[in-house]
Structure formats: C-alpha cells, structure tokens
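Colleague: This is the structure, below, for whatever I ask next.
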Amino acid sequence: MSLILKGAVVGVALVLSTLAGPACAQGFDADAAQALAKKNDCMKCHSIEKDKKAPSYKKIAAKYKGKPDGEEKAIKNITTGQKVKLEDGTEEDHKIINTKDPAAIKNIVNWILAQ
C-alpha cells in the first residue's frame, strides 16, 4: 500500500471516529443513563451544565478527569450514601441510586464523567 493511500485510510478512520461521538468512544448508553438519573431524581439536585443544589455533572467530570480512581470514587458516591458537600457549603448524605445492577451503575457514572 502506498504511503499516500495509508495516509488517506488513517484520515478516514479519524473522521469516522470523530463522527461516532463520545458515547461510542466512552462505551456508555446515554439514553439508559439519563433514564436512570431521571428515575432516581438525580436531576433534582444536579444539572448537566449548571450548578443547582449540587454541582453540575460537568463540574463533577472535571473534578475526576485524568484521575485513575475517578470512576471508582463516583461509583462509591452514588452507592454508599456518603456525606457530600453541597454548593451552599452544607453537607448531607448523598442519595443511594436505586439499582443493584453493576452495569447500570457503571453506565451512569461513565455518562456523568463524559460531560
């Protein structure tokens, strides 16, 4: 294969991976994650982009970005009811997500961290 043809193949692969979007690259189902968040009233305290009673998902994603234990910490946060600091400085127990399905928990965390 010529060098020009190899370059074209690589270029096409890069374009296709960009068009596939972050959901494919991250390996999560955004619709299922949003449905679980809605079912558990997560959006009562969180928003994707703006802080409410709790930090936005974008802020949470930025907090854990690049940290090897970020996913693990986020999972612990939604499954153990630990104390969390709210935007007004107060603390309360985080609501425990109402599912025992590890795949659903990992999916919603990956969706949050991809924001």
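Each chain in the structure tokens gets a letter, A, B, ..., in the order shown, and its residues are numbered from 1; ligands are numbered from 1 in order too.
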Env of Lys95 of chain A: 9 Å cut, atoms = only C-alpha atoms, seq-sep filter 4 positions within chain, self excluded. Answer as a PyMOL selection string.
Modeller: chain A and resi 40+42+77-82
Colleague: Generate the output file for the selected residues, N, CA and C atoms, as a tab-separated table (two decimals), in the first residue's frame.
Modeller:
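Contents of result_34.tsv, freshly written:
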chain	number	residue	atom	x	y	z
A	40	ASN	N	-34.23	8.21	39.43
A	40	ASN	CA	-33.70	8.38	40.78
A	40	ASN	C	-33.69	9.83	41.25
A	42	CYS	N	-32.06	12.32	40.24
A	42	CYS	CA	-30.72	12.92	40.28
A	42	CYS	C	-30.75	14.38	39.81
A	77	ASN	N	-19.71	7.17	45.53
A	77	ASN	CA	-20.54	8.31	45.91
A	77	ASN	C	-22.03	8.04	45.71
A	78	ILE	N	-22.39	7.32	44.65
A	78	ILE	CA	-23.81	7.09	44.38
A	78	ILE	C	-24.34	5.78	44.96
A	79	THR	N	-23.44	4.96	45.52
A	79	THR	CA	-23.89	3.66	46.02
A	79	THR	C	-23.77	3.48	47.53
A	80	THR	N	-23.10	4.42	48.22
A	80	THR	CA	-22.87	4.21	49.66
A	80	THR	C	-23.53	5.24	50.56
A	81	GLY	N	-24.07	6.31	49.99
A	81	GLY	CA	-24.74	7.31	50.81
A	81	GLY	C	-23.79	8.13	51.67
A	82	GLN	N	-22.57	8.30	51.22
A	82	GLN	CA	-21.59	9.08	52.00
A	82	GLN	C	-21.94	10.56	52.01
Colleague: Please provide as a VMD selection string all residues within 9 Å of segment 27-35 of chain A, with the sequence filter that same-chain residues fewer than 6 positions apart are discarded (counting only C-alpha atoms).
Modeller: chain A and resid 104 to 112
Colleague: Okay, now the selection with N, CA and C atoms, as a PDB file, in the first residue's frame?
Modeller:
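What follows is the written file out-v3.pdb:
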ATOM      1  N   ALA A 104     -25.474  -1.002  35.071  1.00  0.00           N
ATOM      2  CA  ALA A 104     -26.236   0.247  35.038  1.00  0.00           C
ATOM      3  C   ALA A 104     -25.522   1.331  35.843  1.00  0.00           C
ATOM      4  N   ILE A 105     -24.932   0.947  36.963  1.00  0.00           N
ATOM      5  CA  ILE A 105     -24.197   1.909  37.793  1.00  0.00           C
ATOM      6  C   ILE A 105     -22.972   2.413  37.047  1.00  0.00           C
ATOM      7  N   LYS A 106     -22.229   1.511  36.452  1.00  0.00           N
ATOM      8  CA  LYS A 106     -21.046   1.910  35.683  1.00  0.00           C
ATOM      9  C   LYS A 106     -21.454   2.780  34.493  1.00  0.00           C
ATOM     10  N   ASN A 107     -22.568   2.445  33.860  1.00  0.00           N
ATOM     11  CA  ASN A 107     -23.046   3.213  32.720  1.00  0.00           C
ATOM     12  C   ASN A 107     -23.364   4.655  33.106  1.00  0.00           C
ATOM     13  N   ILE A 108     -24.102   4.847  34.199  1.00  0.00           N
ATOM     14  CA  ILE A 108     -24.466   6.214  34.583  1.00  0.00           C
ATOM     15  C   ILE A 108     -23.233   7.012  35.012  1.00  0.00           C
ATOM     16  N   VAL A 109     -22.309   6.362  35.684  1.00  0.00           N
ATOM     17  CA  VAL A 109     -21.076   7.051  36.095  1.00  0.00           C
ATOM     18  C   VAL A 109     -20.264   7.436  34.866  1.00  0.00           C
ATOM     19  N   ASN A 110     -20.131   6.544  33.905  1.00  0.00           N
ATOM     20  CA  ASN A 110     -19.388   6.885  32.691  1.00  0.00           C
ATOM     21  C   ASN A 110     -20.050   8.019  31.922  1.00  0.00           C
ATOM     22  N   TRP A 111     -21.375   8.040  31.932  1.00  0.00           N
ATOM     23  CA  TRP A 111     -22.103   9.150  31.289  1.00  0.00           C
ATOM     24  C   TRP A 111     -21.820  10.468  32.018  1.00  0.00           C
ATOM     25  N   ILE A 112     -21.879  10.450  33.329  1.00  0.00           N
ATOM     26  CA  ILE A 112     -21.607  11.660  34.114  1.00  0.00           C
ATOM     27  C   ILE A 112     -20.185  12.141  33.846  1.00  0.00           C
TER      28      ILE A 112
END
Colleague: Here is a test: counting only C-alpha atoms, which residue of A:Gln115, A:Lys85, A:Thr90, A:Ala37 is nearest to Ile60 of chain A?
Modeller: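 Between A:Gln115, A:Lys85, A:Thr90, A:Ala37, the residue approaching Ile60 of chain A most closely is A:Gln115.
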Colleague: Between A:Ile48, A:Asp41, A:Gly70, A:Lys59, which residue has the minimum interatomic distance to Ile96 of chain A, considering only C-alpha atoms?
Modeller: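 Using only C-alpha atoms, Ile96 of chain A sits closest to A:Asp41.
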Colleague: What are the DSSP alpha helix (DSSP H) residues of segment 11-105 of chain A, as an NGL selection string?
Modeller: :A and (11-26 or 30-39 or 57-64 or 70-79 or 102-105)
